[in-house]
Amino acid sequence: MISLVRAELRKYFTTRLSWSMPLAMAVLGGLFAALQGLFLAVIGEFPGPDGSMIVPSEMFGEDVVARLVYTGGVQIGYLLALVLGILSMSGEFRHKTITATLLAAPRRGRLIAAKLASVAVIVAVNAVAFTLGSVVGGGLTLALGDVSLFPDLAGLLATFARMILVLVLWGLMGFGLGVLITNQVVALFVGVGVTLLVEPLLGFGLTFVERLADASKFFPSQASTSALDLFAGVDPGMAQSLGGAPDALSWGWGTLVLLGYAAFMAALGWLLTSRRDVA
Amino acid sequence: MTTPPAPSPSGTGISVRGLTKTFGSFTAVDDLSFEVAPARVTGFLGPNGAGKTTTLRMLLGLVRPTSGEALIGGRRYADLSAPMVTVGAALEATGFHPGRSGRNHLRVLAASHGIPDRRVDELLELVGIPAAARKKAGGYSMGMRQRLGLAAALLGDPDVLLLDEPANGLDPEGIRWMRGFMRHLAQEQGKTVLVSSHLLGEVEQTVEDVVIIANGRMARQGTIDELRGEPAVLVRVADPAGLAGVLQEAGLEVQPEDGGLRVSGADGARIGEAAHAAGHAVHELRPLRTDLERLFLELTESPEHRNRNLATGTEAA
């Protein structure tokens with residue numbers, strides 16, 4: 001089992017993706033965190049609902065501003081993690097390496113387990129690169145805006161750890177999707193499309209259905225925001241205006257919901273894979 | 001799972017029993033049964049689309065049989081504890097990640113079985129691509145891919161080798177090399193080799209046993225000598241009846257064929273000399289197709305055995 005995980009890690013580290021992806025993660029994390037910092041710290045004020053100016057660092061406190069800035073790119077981060085997860089399986093079909101892989105690991109349940117473990121490790125490494133990039137990009141703008149860089153170091157470290165966890169969970173969801181849909185292009189299209197388009201539209205639509213209005217907080221993106229515990233210490237109404245869900249899940253529940261999606265898709269993929277003919 | 005078990009002195013054979021695979025309404029393999037003897041080279045022959053690849057894929061656990069079983073050393077492939085140590089397979093459709101070097105492709109496979117990287121370099125040396133294998137696989141020629149596939153099959157130093165159309169895409173020099181290599185594996189290393197081909201000539205000089213299938217069904221099996229039958233020669237002279245008498249007196253079996261004589265039991269030199277001694281001018285003297293060649297030609301040319309892969313609505317070879 002350990003040797004199968006090692007083989008999977010070698011697969012990743014012997015292609016260009018092993019350096020291009022962490023690089024993209026760090027750069028994009030930095031850019032989006034800097035963008036968030038530009039609004040929240042450098043410009044540092046925006047008009048509130050009643051016309052008066054809101055200064056985020058005074059209203060929420062510097063620790064919340066730092067948290068929001070450093071996690072400013074988390075959406076792009078978990079999208080890339082999703083892509084990494086998808087590629088682990090669908091890449092095997094795309095390049096027809098699945099035959100060699102299954103000859104080396106004919107017990108498909110074991111192969112899936114080894115791949116799940118390797119995706120977790122690979123995404124964790126990438127998530128660290130993403131976090132480092134975010135800290136550099138976000139820190140730069142926080143410094144420019146004269147906001148404290150690490151007002152609550154312990155709290156921020158916890159946020160970083162949650163961000164890494166959220167990315168890993170998205171990687172596992174992507175893996176499940178890649179097992180379900182072996183066509184790489186279709187899997188990527190569905191994964192990114194659902195996250196960027198279907199989920200927000202569906203969430204918006206559900207706000208008109210009274211009995212389901214709460215459902216959107218269980219959607220992956222909303223659950224991720226909950227799992228990050230982004231709006232801790234922020235007035236719920238204000239959190240909503242910043243993109244949080246009404247009556248959001250606690251961070252523990254958010255994490256469990258993401259884990260549930262990942263487990264469900266991986267299990268379904270496992271079931272299908274064990275019966276699939278590879279010709 | 002790293003140390004290979006010592007090969008049993010009797011070697012590892014293959015048995016296929018009542019193997020059947022249907023894809024929808026299409027029967028790719030139909031109640032196929034045969035045995036592959038240990039430490040011998042067996043040719044697995046048949047026209048394109050006869051079901052060879054599907055059979056090999058069932059042996060390797062890639063395709064689930066509809067019924068029947070395919071065992072290697074008495075076990076299913078998926079039940080082998082370290083499969084690459086028991087069985088090495090080079091299948092036709094095996095792909096390589098275009099951005100990964102051939103050497104790294106092998107290192108990935110080696111890691112799955114705890115095989116040291118040193119072995120990877122040894123094998124690249126053995127199949128003759130040590131330098132080229134450090135380049136990305138995207139630019140490999142068919143011959144490179146075949147050699148790399150063979151190296152992958154040999155990684156675990158397995159007792160059994162399954163080679164699917166190994167000569168496809170090789171130049172004549174490569175085909176010669178492949179033949180010599182297969183002989184070396186079976187005769188000097190005692191490996192069991194099952195090699196598929198749609199061309200009899202490609203493997204005829206290498207294999208000891210033959211399994212021929214057509215339309216997913218068994219057509220003929222046996223040792224190559226049995227299936228070849230007795231070699232025969234066609235001789236043409238102005239007076240066939242006269243020469244027939246001379247040859248029959250010499251104890252040879254003679255039958256009229258195609259305006260000349262079909263003579264079995266002697267080679268062309270002896271027949272030519274006999275004809276010369278009896279005063280017959282020889283107009284033509286050539287070896288005839290063996291029974292095996294005739295059978296194979298019949299199978300490949302008959303319309304009912306056309307390549308089913310090309311028909312619409314079919315899914316597998």
# chains A, B, ... in the order shown; residues from 1 in each chain; ligands from 1
>>> residues_around(residues="segment 108-111 of chain A", least_positions_apart="4", cutoff="8 Å", atoms="only C-alpha atoms", output="NGL selection string")
:A and (1 or 4 or 102 or 115 or 270 or 273-274)
>>> residues_around(residues="segment 198-203 of chain A", least_positions_apart="3", cutoff="12 Å", atoms="only C-alpha atoms", output="list in words")
Phe189, Val190, Gly191, Val192, Gly193, Val194, Thr195, Leu206, Thr207, Phe208, Val209, Leu212, Ala213, Asp214, Ala215, Ser216, Lys217, Phe218, Phe219, Pro220, Ser221, Gln222, Ala223, Gly243, Ala245 and Pro246 of chain A
>>> interface_residues(of="chain B", to="chain A", cutoff="6 Å", atoms="only C-alpha atoms", output="PDB file with N, CA and C atoms, in the first residue's frame")
ATOM      1  N   LEU B  62      -7.964  -6.686 -16.640  1.00  0.00           N
ATOM      2  CA  LEU B  62      -8.368  -5.356 -17.101  1.00  0.00           C
ATOM      3  C   LEU B  62      -9.811  -5.373 -17.593  1.00  0.00           C
ATOM      4  N   VAL B  63     -10.215  -6.526 -18.116  1.00  0.00           N
ATOM      5  CA  VAL B  63     -11.577  -6.708 -18.615  1.00  0.00           C
ATOM      6  C   VAL B  63     -12.191  -7.871 -17.843  1.00  0.00           C
ATOM      7  N   ALA B  78      -5.477 -10.501 -10.409  1.00  0.00           N
ATOM      8  CA  ALA B  78      -5.701  -9.571  -9.293  1.00  0.00           C
ATOM      9  C   ALA B  78      -5.394 -10.223  -7.943  1.00  0.00           C
ATOM     10  N   THR B  94      -0.893   0.416 -24.505  1.00  0.00           N
ATOM     11  CA  THR B  94      -0.318   1.080 -23.342  1.00  0.00           C
ATOM     12  C   THR B  94       0.213   2.448 -23.736  1.00  0.00           C
ATOM     13  N   GLY B  95      -0.148   3.443 -22.962  1.00  0.00           N
ATOM     14  CA  GLY B  95       0.282   4.793 -23.292  1.00  0.00           C
ATOM     15  C   GLY B  95       1.332   5.294 -22.322  1.00  0.00           C
ATOM     16  N   PHE B  96       1.949   6.385 -22.712  1.00  0.00           N
ATOM     17  CA  PHE B  96       2.920   7.039 -21.841  1.00  0.00           C
ATOM     18  C   PHE B  96       2.524   8.492 -21.715  1.00  0.00           C
ATOM     19  N   HIS B  97       2.688   9.061 -20.546  1.00  0.00           N
ATOM     20  CA  HIS B  97       2.427  10.481 -20.374  1.00  0.00           C
ATOM     21  C   HIS B  97       3.450  11.238 -21.223  1.00  0.00           C
ATOM     22  N   GLY B  99       4.674  14.052 -21.195  1.00  0.00           N
ATOM     23  CA  GLY B  99       5.620  14.929 -20.523  1.00  0.00           C
ATOM     24  C   GLY B  99       6.551  14.210 -19.558  1.00  0.00           C
ATOM     25  N   ARG B 100       6.386  12.897 -19.441  1.00  0.00           N
ATOM     26  CA  ARG B 100       7.220  12.135 -18.511  1.00  0.00           C
ATOM     27  C   ARG B 100       8.228  11.337 -19.328  1.00  0.00           C
ATOM     28  N   VAL B 108       8.207   4.930 -11.923  1.00  0.00           N
ATOM     29  CA  VAL B 108       6.892   4.921 -11.261  1.00  0.00           C
ATOM     30  C   VAL B 108       6.438   3.478 -11.037  1.00  0.00           C
ATOM     31  N   ALA B 111       8.447   1.726  -8.378  1.00  0.00           N
ATOM     32  CA  ALA B 111       8.086   2.126  -7.013  1.00  0.00           C
ATOM     33  C   ALA B 111       6.885   1.339  -6.502  1.00  0.00           C
ATOM     34  N   SER B 112       5.963   1.001  -7.411  1.00  0.00           N
ATOM     35  CA  SER B 112       4.750   0.302  -6.980  1.00  0.00           C
ATOM     36  C   SER B 112       5.061  -1.087  -6.442  1.00  0.00           C
TER      37      SER B 112
END
>>> residues_around(residues="Gly139 of chain B", least_positions_apart="3", cutoff="12 Å", atoms="only C-alpha atoms", output="VMD selection string")
chain B and resid 96 to 102 132 to 136 142 to 145
>>> residues_around(residues="Phe150 of chain A", least_positions_apart="4", cutoff="10 Å", atoms="only C-alpha atoms", output="ChimeraX atom specification")
/A:62-63,66-67,135,139,142,154-157
>>> residues_around(residues="Pro116 of chain B", least_positions_apart="4", cutoff="10 Å", atoms="only C-alpha atoms", output="list in words")
Thr2, Arg107, Ala110, Ala111, Val120, Asp121 and Leu155 of chain B
>>> closest_residue(among="B:Gly18, B:Gly88, B:Gly260, B:Gly242", to="Thr55 of chain B", atoms="only C-alpha atoms")
B:Gly18
>>> residues_around(residues="segment 18-28 of chain A", least_positions_apart="2", cutoff="10 Å", atoms="only C-alpha atoms", output="VMD selection string")
chain A and resid 9 to 16 30 to 34 73 to 74 76 to 78 80 to 81 83 to 84 122 to 123 125 to 137
>>> residues_around(residues="Gly149 of chain B", least_positions_apart="2", cutoff="8 Å", atoms="only C-alpha atoms", output="PyMOL selection string")
chain B and resi 90-91+94+145-147+151-153
>>> select_by_dssp(residues="segment 37-249 of chain A", states="strand (DSSP E)", output="PyMOL selection string")
chain A and resi 46-47+53-54
>>> write_last_selection(atoms="C-alpha atoms", output="mmCIF file, in the first residue's frame")
data_model
loop_
_atom_site.group_PDB
_atom_site.id
_atom_site.type_symbol
_atom_site.label_atom_id
_atom_site.label_comp_id
_atom_site.auth_asym_id
_atom_site.auth_seq_id
_atom_site.Cartn_x
_atom_site.Cartn_y
_atom_site.Cartn_z
ATOM 1 C CA PHE A 46 -16.089 52.068 1.419
ATOM 2 C CA PRO A 47 -19.600 53.529 1.662
ATOM 3 C CA MET A 53 -18.059 55.587 5.209
ATOM 4 C CA ILE A 54 -17.014 52.258 6.663
#
>>> select_by_dssp(residues="segment 66-107 of chain A", states="helix (DSSP H, G or I)", output="PyMOL selection string")
chain A and resi 66-70+74-94+98-104
>>> atom_distance(atom1="atom CA of Gly68 of chain B", atom2="atom CA of Ser33 of chain B")
8.9 Å
>>> atom_distance(atom1="atom CA of Arg286 of chain B", atom2="atom CA of Thr206 of chain B")
23.3 Å
>>> closest_residue(among="B:Met218, B:Ala39, B:Val210, B:Val263", to="Val233 of chain B", atoms="only C-alpha atoms")
B:Val263
>>> closest_residue(among="B:Leu297, B:Val235, B:Ile213, B:Leu292", to="Ala274 of chain B", atoms="only C-alpha atoms")
B:Val235
